[in-house]
file target_24.tsv (TSV, C-alpha atoms)
chain	number	residue	atom	x	y	z
A	1	MET	CA	32.18	-45.82	29.38
A	2	ILE	CA	29.51	-47.66	31.36
A	3	ILE	CA	27.22	-50.36	29.98
A	4	ALA	CA	23.81	-51.31	31.41
A	5	GLU	CA	23.12	-55.03	31.41
A	6	GLU	CA	19.65	-56.35	32.16
A	7	VAL	CA	19.59	-59.18	34.69
A	8	GLN	CA	18.16	-62.21	32.90
A	9	ASN	CA	20.26	-65.35	33.42
A	10	GLU	CA	21.38	-67.17	36.55
A	11	ASN	CA	24.92	-65.80	36.46
A	12	GLN	CA	23.60	-62.23	36.33
A	13	LYS	CA	21.20	-62.94	39.20
A	14	LYS	CA	24.15	-64.25	41.21
A	15	GLU	CA	26.17	-61.12	40.43
A	16	PHE	CA	23.25	-58.93	41.52
A	17	LEU	CA	23.34	-60.66	44.91
A	18	GLU	CA	27.10	-60.80	45.33
A	19	PHE	CA	28.26	-57.39	44.12
A	20	PRO	CA	27.49	-55.83	47.55
A	21	LEU	CA	29.76	-58.44	49.20
A	22	ARG	CA	32.76	-57.06	47.35
A	23	LEU	CA	31.66	-53.49	47.94
A	24	TYR	CA	31.21	-53.91	51.72
A	25	GLN	CA	33.91	-56.51	52.35
A	26	HIS	CA	35.79	-54.24	54.79
A	27	ASP	CA	32.70	-52.82	56.53
A	28	LYS	CA	32.24	-54.62	59.86
A	29	ASN	CA	28.63	-53.40	60.21
A	30	TYR	CA	27.38	-54.83	56.92
A	31	ILE	CA	25.12	-57.86	57.28
A	32	ARG	CA	24.35	-59.78	54.12
A	33	PRO	CA	20.59	-60.17	53.56
A	34	LEU	CA	19.28	-63.64	52.82
A	35	ASN	CA	19.33	-64.30	49.09
A	36	LYS	CA	15.79	-65.61	49.23
A	37	ASP	CA	14.52	-62.35	50.77
A	38	ILE	CA	15.94	-60.39	47.84
A	39	GLU	CA	14.94	-62.84	45.13
A	40	GLU	CA	11.31	-62.96	46.28
A	41	PHE	CA	10.85	-59.34	45.20
A	42	PHE	CA	11.70	-60.34	41.63
A	43	ASP	CA	9.69	-63.56	41.45
A	44	PRO	CA	6.25	-63.07	39.83
A	45	GLU	CA	5.07	-66.22	41.61
A	46	LYS	CA	5.83	-64.75	45.03
A	47	ASN	CA	5.42	-60.99	44.56
A	48	LYS	CA	1.77	-60.00	44.05
A	49	PHE	CA	2.77	-56.59	42.68
A	50	PHE	CA	3.73	-58.19	39.36
A	51	LYS	CA	0.01	-58.64	38.71
A	52	SER	CA	-0.34	-54.93	37.99
A	53	GLY	CA	3.23	-53.65	37.82
A	54	THR	CA	6.56	-54.33	36.18
A	55	CYS	CA	10.14	-54.52	37.43
A	56	THR	CA	13.58	-54.94	35.88
A	57	ARG	CA	17.04	-55.35	37.37
A	58	TYR	CA	20.27	-54.01	35.91
A	59	LEU	CA	23.98	-54.47	36.40
A	60	PHE	CA	26.36	-51.70	35.31
A	61	LYS	CA	29.84	-52.46	34.02
A	62	ASN	CA	32.84	-50.28	33.20
A	63	LYS	CA	35.09	-50.65	30.16
A	64	GLN	CA	37.13	-53.28	32.03
A	65	ASN	CA	33.93	-55.34	32.28
A	66	GLN	CA	33.88	-54.87	36.06
A	67	ILE	CA	30.57	-54.38	37.84
A	68	VAL	CA	30.42	-50.88	39.32
A	69	GLY	CA	26.75	-50.68	40.24
A	70	LYS	CA	23.34	-52.32	40.29
A	71	VAL	CA	19.70	-51.28	40.64
A	72	ALA	CA	16.10	-52.43	40.31
A	73	VAL	CA	13.62	-50.09	38.61
A	74	PHE	CA	9.88	-50.59	38.70
A	75	VAL	CA	6.39	-49.26	38.15
A	76	ASN	CA	3.76	-50.12	40.72
A	77	PRO	CA	0.28	-48.73	39.88
A	78	LEU	CA	-0.77	-49.31	43.50
A	79	TYR	CA	1.85	-46.77	44.60
A	80	LYS	CA	-0.49	-43.76	44.44
A	81	GLN	CA	1.21	-40.35	44.39
A	82	ALA	CA	0.38	-36.81	43.23
A	83	GLN	CA	2.04	-37.57	39.89
A	84	PRO	CA	2.78	-40.96	38.30
A	85	THR	CA	5.81	-42.08	40.29
A	86	GLY	CA	8.06	-45.06	39.72
A	87	GLY	CA	10.63	-46.53	42.03
A	88	ILE	CA	14.24	-47.57	42.20
A	89	GLY	CA	15.72	-49.86	44.80
A	90	PHE	CA	18.45	-52.34	45.70
A	91	PHE	CA	20.85	-49.64	44.54
A	92	ASP	CA	24.56	-50.16	45.09
A	93	CYS	CA	27.34	-48.20	43.50
A	94	ILE	CA	31.03	-47.43	43.78
A	95	ASN	CA	31.94	-44.02	45.18
A	96	ASP	CA	31.77	-42.19	41.86
A	97	GLN	CA	29.18	-39.56	40.99
A	98	GLU	CA	29.44	-40.09	37.21
A	99	THR	CA	28.65	-43.78	37.64
A	100	ALA	CA	25.70	-42.98	39.91
A	101	ASN	CA	24.43	-40.34	37.45
A	102	PHE	CA	24.54	-42.90	34.65
A	103	ILE	CA	22.49	-45.34	36.74
A	104	PHE	CA	19.95	-42.68	37.72
A	105	ASP	CA	19.68	-41.43	34.12
A	106	HIS	CA	19.08	-44.98	32.94
A	107	CYS	CA	16.29	-45.45	35.49
A	108	LYS	CA	14.76	-42.09	34.62
A	109	ALA	CA	14.61	-42.98	30.90
A	110	TRP	CA	13.14	-46.42	31.68
A	111	LEU	CA	10.42	-44.85	33.84
A	112	GLN	CA	9.64	-42.05	31.38
A	113	GLN	CA	9.04	-44.64	28.69
A	114	ARG	CA	6.33	-46.02	30.95
A	115	GLY	CA	4.63	-42.71	31.62
A	116	MET	CA	6.20	-41.85	34.96
A	117	GLU	CA	6.90	-38.26	36.01
A	118	ALA	CA	9.02	-38.91	39.09
A	119	MET	CA	11.04	-41.62	40.81
A	120	ASP	CA	11.34	-42.48	44.49
A	121	GLY	CA	14.19	-44.37	46.01
A	122	PRO	CA	15.67	-46.39	47.34
A	123	ILE	CA	12.43	-48.27	47.88
A	124	ASN	CA	11.29	-51.77	46.94
A	125	PHE	CA	8.79	-53.32	44.57
A	126	GLY	CA	6.37	-54.04	47.40
A	127	GLU	CA	5.34	-52.88	50.86
A	128	ARG	CA	7.17	-50.39	53.05
A	129	ASP	CA	8.10	-52.94	55.71
A	130	LYS	CA	11.40	-54.06	54.11
A	131	PHE	CA	14.37	-52.52	52.29
A	132	TRP	CA	12.91	-49.01	52.20
A	133	GLY	CA	14.93	-45.82	52.46
A	134	LEU	CA	18.55	-44.73	52.39
A	135	LEU	CA	20.55	-44.82	55.62
A	136	THR	CA	21.72	-41.27	56.41
A	137	GLU	CA	22.52	-41.47	60.13
A	138	GLY	CA	23.41	-44.33	62.47
A	139	PHE	CA	25.80	-46.51	60.48
A	140	ILE	CA	25.55	-49.49	62.79
A	141	GLU	CA	24.46	-53.07	62.14
A	142	PRO	CA	21.13	-53.02	60.27
A	143	LEU	CA	18.06	-54.69	61.65
A	144	TYR	CA	16.47	-57.52	59.68
A	145	GLY	CA	14.90	-56.21	56.46
A	146	MET	CA	16.53	-52.79	56.80
A	147	ASN	CA	18.66	-51.15	54.11
A	148	TYR	CA	22.30	-50.50	54.86
A	149	ASN	CA	24.66	-48.38	52.77
A	150	PHE	CA	27.82	-46.30	52.86
A	151	PRO	CA	27.57	-42.65	53.99
A	152	TYR	CA	28.59	-41.47	50.51
A	153	TYR	CA	25.32	-42.76	49.03
A	154	LYS	CA	23.61	-39.66	50.44
A	155	ASP	CA	25.85	-37.45	48.30
A	156	LEU	CA	25.27	-39.60	45.21
A	157	PHE	CA	21.52	-39.11	45.51
A	158	GLU	CA	21.53	-35.46	46.49
A	159	HIS	CA	24.16	-34.33	43.98
A	160	TYR	CA	22.07	-35.88	41.23
A	161	GLY	CA	19.09	-33.80	42.33
A	162	PHE	CA	17.03	-36.07	44.58
A	163	ASN	CA	15.19	-34.37	47.45
A	164	ILE	CA	14.14	-35.97	50.72
A	165	TYR	CA	10.46	-36.85	50.39
A	166	PHE	CA	10.32	-38.00	54.01
A	167	GLU	CA	12.70	-39.11	56.72
A	168	GLN	CA	12.33	-42.40	58.56
A	169	LEU	CA	13.21	-42.25	62.25
A	170	CYS	CA	14.32	-45.36	64.13
A	171	PHE	CA	14.13	-45.41	67.92
A	172	SER	CA	15.85	-47.52	70.54
A	173	ARG	CA	16.06	-47.93	74.31
A	174	PRO	CA	17.92	-50.28	76.69
A	175	ILE	CA	15.65	-52.92	78.21
A	176	PHE	CA	17.03	-52.27	81.68
A	177	ALA	CA	16.87	-48.47	81.46
A	178	GLU	CA	14.65	-46.73	83.96
A	179	VAL	CA	11.01	-46.81	82.90
A	180	SER	CA	9.08	-43.57	82.85
A	181	ARG	CA	7.37	-42.82	86.18
A	182	VAL	CA	4.19	-42.13	84.19
A	183	PHE	CA	4.22	-45.77	83.07
A	184	THR	CA	4.70	-47.17	86.56
A	185	VAL	CA	1.97	-44.88	87.94
A	186	MET	CA	-0.43	-45.98	85.20
A	187	HIS	CA	0.54	-49.60	85.81
A	188	SER	CA	-0.25	-49.23	89.48
A	189	LYS	CA	-3.58	-47.59	88.67
A	190	HIS	CA	-4.78	-50.15	86.11
A	191	THR	CA	-3.54	-53.14	88.13
A	192	LYS	CA	-6.31	-52.33	90.57
A	193	ASN	CA	-8.93	-52.77	87.83
A	194	PRO	CA	-10.15	-56.40	88.13
A	195	ASN	CA	-11.52	-56.28	84.59
A	196	LEU	CA	-8.06	-55.79	83.03
A	197	SER	CA	-5.45	-58.44	82.38
A	198	ALA	CA	-2.17	-58.49	80.44
A	199	ILE	CA	-0.90	-61.77	78.99
A	200	PRO	CA	1.95	-62.72	76.66
A	201	MET	CA	1.28	-64.27	73.25
A	202	GLN	CA	1.41	-68.08	73.31
A	203	LYS	CA	2.36	-70.29	70.38
A	204	ASP	CA	-0.26	-72.93	71.14
A	205	ARG	CA	-3.03	-70.30	70.83
A	206	LEU	CA	-1.77	-68.45	67.78
A	207	GLU	CA	-5.10	-68.35	65.96
A	208	LYS	CA	-6.79	-66.69	68.93
A	209	PHE	CA	-4.07	-64.04	69.22
A	210	ALA	CA	-4.15	-63.47	65.46
A	211	LYS	CA	-7.87	-62.74	65.66
A	212	ASP	CA	-7.36	-60.44	68.64
A	213	PHE	CA	-4.53	-58.66	66.82
A	214	THR	CA	-6.80	-58.08	63.82
A	215	GLU	CA	-9.55	-56.62	65.98
A	216	ILE	CA	-7.23	-54.22	67.80
A	217	TYR	CA	-5.33	-53.21	64.69
A	218	ASN	CA	-8.42	-52.41	62.66
A	219	LYS	CA	-9.94	-50.35	65.46
A	220	ALA	CA	-6.74	-48.51	66.30
A	221	TRP	CA	-5.45	-47.87	62.78
A	222	ALA	CA	-8.40	-47.89	60.39
A	223	THR	CA	-8.76	-44.10	60.45
A	224	HIS	CA	-5.11	-43.29	61.13
A	225	GLY	CA	-3.35	-41.70	58.18
A	226	GLU	CA	-2.60	-44.31	55.54
A	227	GLY	CA	-3.70	-47.15	57.78
A	228	LYS	CA	-5.87	-49.78	56.19
A	229	GLN	CA	-8.01	-52.68	57.36
A	230	ILE	CA	-6.38	-56.08	57.48
A	231	GLU	CA	-8.22	-59.35	57.00
A	232	GLU	CA	-8.37	-61.92	59.77
A	233	ALA	CA	-7.39	-64.76	57.44
A	234	LYS	CA	-4.24	-62.92	56.38
A	235	THR	CA	-3.30	-62.21	59.98
A	236	ILE	CA	-3.72	-65.87	60.92
A	237	LYS	CA	-1.51	-66.88	58.00
A	238	MET	CA	1.10	-64.28	58.99
A	239	PHE	CA	1.16	-65.43	62.62
A	240	LYS	CA	1.58	-69.06	61.58
A	241	MET	CA	4.49	-68.10	59.32
A	242	MET	CA	6.07	-66.22	62.23
A	243	ARG	CA	5.69	-69.16	64.61
A	244	PRO	CA	9.36	-70.33	64.38
A	245	ILE	CA	10.64	-66.91	65.46
A	246	ILE	CA	8.02	-65.99	68.05
A	247	ASN	CA	9.36	-65.46	71.53
A	248	GLU	CA	6.50	-66.02	73.97
A	249	HIS	CA	7.87	-63.53	76.50
A	250	ILE	CA	7.96	-60.35	74.41
A	251	SER	CA	4.56	-59.86	72.71
A	252	TRP	CA	1.70	-58.77	74.96
A	253	PHE	CA	-2.05	-58.30	74.81
A	254	VAL	CA	-4.36	-56.49	77.21
A	255	TYR	CA	-7.96	-57.58	77.73
A	256	GLU	CA	-10.92	-55.88	79.33
A	257	ASN	CA	-12.69	-59.00	80.58
A	258	GLU	CA	-12.40	-61.10	77.40
A	259	LYS	CA	-12.29	-58.18	74.96
A	260	PRO	CA	-8.87	-57.38	73.38
A	261	VAL	CA	-8.07	-53.69	73.86
A	262	ALA	CA	-4.30	-53.30	73.37
A	263	MET	CA	-1.30	-55.11	71.96
A	264	TRP	CA	2.49	-54.72	71.86
A	265	ILE	CA	4.12	-57.00	69.29
A	266	ASN	CA	7.86	-57.67	69.28
A	267	ILE	CA	10.14	-60.22	67.63
A	268	PRO	CA	13.85	-61.01	67.98
A	269	ASP	CA	16.11	-59.21	65.50
A	270	LEU	CA	16.76	-62.05	63.06
A	271	ASN	CA	19.90	-60.39	61.75
A	272	GLN	CA	21.62	-61.31	65.01
A	273	TRP	CA	21.39	-64.91	63.77
A	274	PHE	CA	21.25	-64.45	60.00
A	275	LYS	CA	24.60	-62.65	59.93
A	276	TYR	CA	26.20	-66.08	60.42
A	277	LEU	CA	24.44	-67.66	57.41
A	278	ASP	CA	26.22	-65.77	54.59
A	279	GLY	CA	22.97	-65.05	52.76
A	280	GLN	CA	22.06	-68.72	52.36
A	281	PHE	CA	19.00	-70.52	53.73
A	282	GLY	CA	19.22	-74.11	52.66
A	283	LEU	CA	18.89	-77.21	54.86
A	284	TRP	CA	22.32	-76.73	56.45
A	285	GLU	CA	21.60	-73.07	57.25
A	286	LYS	CA	18.23	-73.96	58.76
A	287	LEU	CA	19.91	-76.49	61.03
A	288	LYS	CA	22.55	-73.90	61.89
A	289	LEU	CA	19.81	-71.40	62.70
A	290	LEU	CA	18.24	-73.84	65.16
A	291	TRP	CA	21.64	-74.20	66.84
A	292	LEU	CA	22.14	-70.42	66.93
A	293	LYS	CA	18.70	-69.84	68.44
A	294	LYS	CA	19.50	-72.32	71.19
A	295	PHE	CA	23.07	-71.34	72.03
A	296	LYS	CA	23.70	-67.82	70.64
A	297	LYS	CA	22.21	-65.07	72.77
A	298	ASN	CA	20.11	-62.58	70.84
A	299	GLU	CA	20.17	-59.27	72.70
A	300	LYS	CA	18.03	-57.19	70.32
A	301	MET	CA	14.27	-57.27	69.94
A	302	ILE	CA	12.28	-55.28	67.40
A	303	GLY	CA	9.01	-53.54	68.07
A	304	LEU	CA	6.72	-54.26	65.14
A	305	VAL	CA	3.29	-52.95	66.11
A	306	PHE	CA	1.80	-51.10	69.05
A	307	GLY	CA	-1.90	-50.35	69.33
A	308	VAL	CA	-4.66	-49.34	71.73
A	309	VAL	CA	-8.34	-49.30	70.75
A	310	PRO	CA	-9.88	-45.78	70.63
A	311	GLU	CA	-11.95	-46.07	73.82
A	312	TRP	CA	-8.80	-46.83	75.84
A	313	GLN	CA	-6.48	-44.26	74.28
A	314	LYS	CA	-5.12	-41.41	76.43
A	315	LYS	CA	-5.86	-43.38	79.62
A	316	GLY	CA	-2.36	-44.71	80.25
A	317	LEU	CA	-3.15	-48.27	79.24
A	318	GLU	CA	0.12	-48.46	77.31
A	319	GLY	CA	1.98	-47.82	80.58
A	320	TYR	CA	0.21	-50.74	82.20
A	321	MET	CA	0.94	-53.05	79.27
A	322	ILE	CA	4.57	-52.05	78.72
A	323	TRP	CA	5.61	-52.18	82.37
A	324	GLU	CA	3.81	-55.51	82.83
A	325	GLY	CA	5.63	-56.93	79.80
A	326	THR	CA	8.98	-55.32	80.62
A	327	GLN	CA	9.11	-56.75	84.14
A	328	HIS	CA	8.42	-60.20	82.70
A	329	LEU	CA	10.88	-60.16	79.79
A	330	ARG	CA	13.67	-58.80	82.01
A	331	LYS	CA	13.42	-62.01	84.02
A	332	HIS	CA	12.88	-64.48	81.21
A	333	THR	CA	14.94	-63.31	78.21
A	334	ASP	CA	18.47	-62.18	77.24
A	335	PHE	CA	17.31	-59.05	75.43
A	336	LYS	CA	19.18	-55.86	76.30
A	337	VAL	CA	17.89	-53.46	73.65
A	338	THR	CA	14.53	-52.84	72.05
A	339	GLU	CA	14.43	-51.28	68.59
A	340	LEU	CA	11.43	-49.57	67.03
A	341	GLN	CA	11.25	-49.86	63.27
A	342	TRP	CA	11.09	-46.64	61.31
A	343	ILE	CA	8.40	-44.01	61.81
A	344	GLY	CA	7.93	-41.40	59.10
A	345	ASP	CA	8.58	-37.77	60.02
A	346	PHE	CA	5.14	-37.08	58.55
A	347	ASN	CA	3.57	-38.97	61.46
A	348	PRO	CA	3.93	-36.76	64.58
A	349	LYS	CA	1.41	-38.82	66.54
A	350	MET	CA	3.53	-41.98	66.33
A	351	ILE	CA	6.74	-40.04	66.95
A	352	LYS	CA	5.21	-38.66	70.13
A	353	ILE	CA	4.29	-42.20	71.23
A	354	ALA	CA	7.85	-43.40	70.54
A	355	GLU	CA	9.30	-40.48	72.49
A	356	SER	CA	6.94	-41.18	75.38
A	357	LEU	CA	8.57	-44.60	75.69
A	358	ASP	CA	11.84	-42.87	76.69
A	359	THR	CA	13.52	-43.85	73.43
A	360	THR	CA	16.24	-42.06	71.50
A	361	VAL	CA	16.67	-41.78	67.73
A	362	THR	CA	19.51	-44.13	66.84
A	363	ARG	CA	19.36	-43.99	63.05
A	364	LYS	CA	17.63	-42.21	60.20
A	365	LEU	CA	16.78	-43.28	56.69
A	366	ALA	CA	15.44	-41.11	53.90
A	367	THR	CA	13.03	-41.79	51.07
A	368	TYR	CA	14.17	-39.58	48.20
A	369	ARG	CA	12.14	-38.23	45.28
A	370	TYR	CA	13.31	-36.89	41.91
A	371	LEU	CA	10.82	-34.95	39.77
A	372	PHE	CA	11.54	-35.31	36.05
A	373	ASP	CA	10.16	-31.82	35.39
A	374	ARG	CA	12.85	-29.78	37.13
A	375	ASN	CA	10.64	-26.67	37.07
A	376	LYS	CA	7.89	-28.34	39.05
A	377	LYS	CA	7.65	-27.40	42.72
A	378	PHE	CA	8.89	-30.15	45.04
A	379	GLU	CA	6.69	-30.98	48.02
A	380	ARG	CA	7.48	-33.26	50.92
A	381	HIS	CA	5.15	-35.99	52.15
A	382	PRO	CA	2.08	-34.34	53.74
A	383	GLU	CA	1.83	-34.55	57.51
A	384	LEU	CA	-0.77	-36.95	58.87
call {"tool": "encode", "arguments": {"input": "target_24.tsv", "output": "structure tokens"}}
result
Amino acid sequence: MIIAEEVQNENQKKEFLEFPLRLYQHDKNYIRPLNKDIEEFFDPEKNKFFKSGTCTRYLFKNKQNQIVGKVAVFVNPLYKQAQPTGGIGFFDCINDQETANFIFDHCKAWLQQRGMEAMDGPINFGERDKFWGLLTEGFIEPLYGMNYNFPYYKDLFEHYGFNIYFEQLCFSRPIFAEVSRVFTVMHSKHTKNPNLSAIPMQKDRLEKFAKDFTEIYNKAWATHGEGKQIEEAKTIKMFKMMRPIINEHISWFVYENEKPVAMWINIPDLNQWFKYLDGQFGLWEKLKLLWLKKFKKNEKMIGLVFGVVPEWQKKGLEGYMIWEGTQHLRKHTDFKVTELQWIGDFNPKMIKIAESLDTTVTRKLATYRYLFDRNKKFERHPEL
């Protein structure tokens, strides 16, 4: 017999955070997320999605009163789908299908009571940039904000009846690997253009680069699939928040005279430092992080955003920018690998761009969907 227990008090919140530690205690690739990063999803003061949605966490115990699973289940009206679709996330479970089925049934009933007709998971009660998808290939150390799970989770989801709604491809390449000849040729070509310049992002001019980022992003992505306009004020705030982790050698902008026309934004993989903090981020851990940043080499950087304004697309400008930046960061940083965060399999344009960078797929995650009406035809995410 399994009992569902809603997370309400401090002890239950602690158990929600610490159950994975016992589950993954012998897995050398598991990196504990920061507690604060998890808790923020469930704090109405910090998560804007509580304004229109609702979310509840559960622990699941066996008859010996031992925790055997956990999950968050939520309804987000801003998550627009063909049918009303809720979400489940932060799922962890022992390797037992009956236990997983009980958890999934519990979530299904909770969502049906709130008018939902399907559930997606594992996703989060927020944006797609963190803790989204189930790891199905590439069981190596997760990047910061990326889900990690045992291989058997795939069977737990699929044996219950979940189908893959879309796959999330993650790409990687060694920093010192040979760069495509196309890139070097384009670099040579555009270097001769006196109106073009490529410069790295600088911390003492963050507001300027935030404004330039906004301009490029909105031009490059406004009409691309599910892309949406971002506000300059929000970008400035985001850049200022990122200031402590910005490496001035790895994010680059290209200008035509003074006009921003392309950008390539990267950050260090924070998990290479956070894995030493045991999920905590108090004063001591912040001091420890400063020490780690100074003395512990971080050899992974993560590609966050890449964009070229429409009038410069298909002209090889990305080759100019990437080779310019790569030559510089090879000399001035310790990075050995660059990782591209996930790209949906519904986005062939971005996949083609990633492949053109001479990358290889190093891991895959999957966003699963379960339709409550089992007679309804299942359809994957439409291609962009």
call {"tool": "closest_residue", "arguments": {"input": "target_24.tsv", "among": "A:Leu196, A:Leu206, A:Leu289, A:Ala366", "to": "Tyr320 in chain A", "atoms": "only C-alpha atoms"}}
result
A:Leu196
call {"tool": "atom_distance", "arguments": {"input": "target_24.tsv", "atom1": "CA of Ile245 in chain A", "atom2": "CA of Pro268 in chain A"}}
result
7.2 Å
call {"tool": "residues_around", "arguments": {"input": "target_24.tsv", "residues": "range 144-148 of chain A", "least_positions_apart": "3", "cutoff": "9 Å", "atoms": "all atoms listed in the file", "output": "list of chain:residue names"}}
result
A:Asn29, A:Tyr30, A:Ile31, A:Pro33, A:Asp37, A:Phe90, A:Pro122, A:Asp129, A:Lys130, A:Phe131, A:Trp132, A:Gly133, A:Leu134, A:Leu135, A:Phe139, A:Ile140, A:Glu141, A:Asp269, A:Leu270, A:Asn271, A:Gln272, A:Phe274, A:Gln341, A:Leu365
call {"tool": "residues_around", "arguments": {"input": "target_24.tsv", "residues": "Glu355 in chain A", "least_positions_apart": "5", "cutoff": "12 Å", "atoms": "all atoms listed in the file", "output": "PyMOL selection string"}}
result
chain A and resi 169-173+180+340+343+348-350+360-361
call {"tool": "closest_residue", "arguments": {"input": "target_24.tsv", "among": "A:Pro20, A:Phe162, A:Pro77, A:Arg32", "to": "Phe91 in chain A", "atoms": "all atoms listed in the file"}}
result
A:Pro20
call {"tool": "atom_distance", "arguments": {"input": "target_24.tsv", "atom1": "CA of Val75 in chain A", "atom2": "CA of Gly87 in chain A"}}
result
6.4 Å
call {"tool": "residues_near_point", "arguments": {"input": "target_24.tsv", "point": "(3.7, -45.4, 78.8)", "cutoff": "7 Å", "atoms": "only C-alpha atoms", "output": "PyMOL selection string"}}
result
chain A and resi 180+182-183+316+318-319+322+356-357
call {"tool": "write_last_selection", "arguments": {"input": "target_24.tsv", "atoms": "C-alpha atoms", "output": "mmCIF file, in the frame of the given file"}}
result
data_model
loop_
_atom_site.group_PDB
_atom_site.id
_atom_site.type_symbol
_atom_site.label_atom_id
_atom_site.label_comp_id
_atom_site.auth_asym_id
_atom_site.auth_seq_id
_atom_site.Cartn_x
_atom_site.Cartn_y
_atom_site.Cartn_z
ATOM 1 C CA SER A 180 9.080 -43.570 82.850
ATOM 2 C CA VAL A 182 4.190 -42.130 84.190
ATOM 3 C CA PHE A 183 4.220 -45.770 83.070
ATOM 4 C CA GLY A 316 -2.360 -44.710 80.250
ATOM 5 C CA GLU A 318 0.120 -48.460 77.310
ATOM 6 C CA GLY A 319 1.980 -47.820 80.580
ATOM 7 C CA ILE A 322 4.570 -52.050 78.720
ATOM 8 C CA SER A 356 6.940 -41.180 75.380
ATOM 9 C CA LEU A 357 8.570 -44.600 75.690
#
call {"tool": "closest_residue", "arguments": {"input": "target_24.tsv", "among": "A:Phe213, A:Tyr160, A:Tyr276, A:Phe176", "to": "Tyr255 in chain A", "atoms": "all atoms listed in the file"}}
result
A:Phe213
call {"tool": "atom_distance", "arguments": {"input": "target_24.tsv", "atom1": "CA of Lys275 in chain A", "atom2": "CA of Lys154 in chain A"}}
result
24.9 Å
call {"tool": "closest_residue", "arguments": {"input": "target_24.tsv", "among": "A:Leu384, A:Met186, A:Ala72, A:Ile236", "to": "Gly344 in chain A", "atoms": "all atoms listed in the file"}}
result
A:Leu384
call {"tool": "closest_residue", "arguments": {"input": "target_24.tsv", "among": "A:Asp278, A:Asp43, A:Glu117, A:Asp96", "to": "His159 in chain A", "atoms": "all atoms listed in the file"}}
result
A:Asp96
call {"tool": "residues_near_point", "arguments": {"input": "target_24.tsv", "point": "(8.1, -55.6, 38.4)", "cutoff": "10 Å", "atoms": "all atoms listed in the file", "output": "PDB file with C-alpha atoms, in the frame of the given file"}}
result
ATOM      1  CA  PHE A  41      10.850 -59.340  45.200  1.00  0.00           C
ATOM      2  CA  PHE A  42      11.700 -60.340  41.630  1.00  0.00           C
ATOM      3  CA  ASP A  43       9.690 -63.560  41.450  1.00  0.00           C
ATOM      4  CA  PRO A  44       6.250 -63.070  39.830  1.00  0.00           C
ATOM      5  CA  ASN A  47       5.420 -60.990  44.560  1.00  0.00           C
ATOM      6  CA  LYS A  48       1.770 -60.000  44.050  1.00  0.00           C
ATOM      7  CA  PHE A  49       2.770 -56.590  42.680  1.00  0.00           C
ATOM      8  CA  PHE A  50       3.730 -58.190  39.360  1.00  0.00           C
ATOM      9  CA  LYS A  51       0.010 -58.640  38.710  1.00  0.00           C
ATOM     10  CA  SER A  52      -0.340 -54.930  37.990  1.00  0.00           C
ATOM     11  CA  GLY A  53       3.230 -53.650  37.820  1.00  0.00           C
ATOM     12  CA  THR A  54       6.560 -54.330  36.180  1.00  0.00           C
ATOM     13  CA  CYS A  55      10.140 -54.520  37.430  1.00  0.00           C
ATOM     14  CA  THR A  56      13.580 -54.940  35.880  1.00  0.00           C
ATOM     15  CA  ARG A  57      17.040 -55.350  37.370  1.00  0.00           C
ATOM     16  CA  ALA A  72      16.100 -52.430  40.310  1.00  0.00           C
ATOM     17  CA  VAL A  73      13.620 -50.090  38.610  1.00  0.00           C
ATOM     18  CA  PHE A  74       9.880 -50.590  38.700  1.00  0.00           C
ATOM     19  CA  VAL A  75       6.390 -49.260  38.150  1.00  0.00           C
ATOM     20  CA  ASN A  76       3.760 -50.120  40.720  1.00  0.00           C
ATOM     21  CA  ASN A 124      11.290 -51.770  46.940  1.00  0.00           C
ATOM     22  CA  PHE A 125       8.790 -53.320  44.570  1.00  0.00           C
ATOM     23  CA  GLY A 126       6.370 -54.040  47.400  1.00  0.00           C
TER      24      GLY A 126
END
call {"tool": "closest_residue", "arguments": {"input": "target_24.tsv", "among": "A:Glu5, A:Glu215, A:Asp204, A:Glu324", "to": "Val309 in chain A", "atoms": "only C-alpha atoms"}}
result
A:Glu215
call {"tool": "axis_aligned_box", "arguments": {"input": "target_24.tsv", "around": "range 152-169 of chain A", "padding_each_side": "5 Å", "output": "JSON"}}
result
{"center_x": 19.5, "center_y": -38.3, "center_z": 51.7, "size_x": 28.3, "size_y": 19.0, "size_z": 31.0}
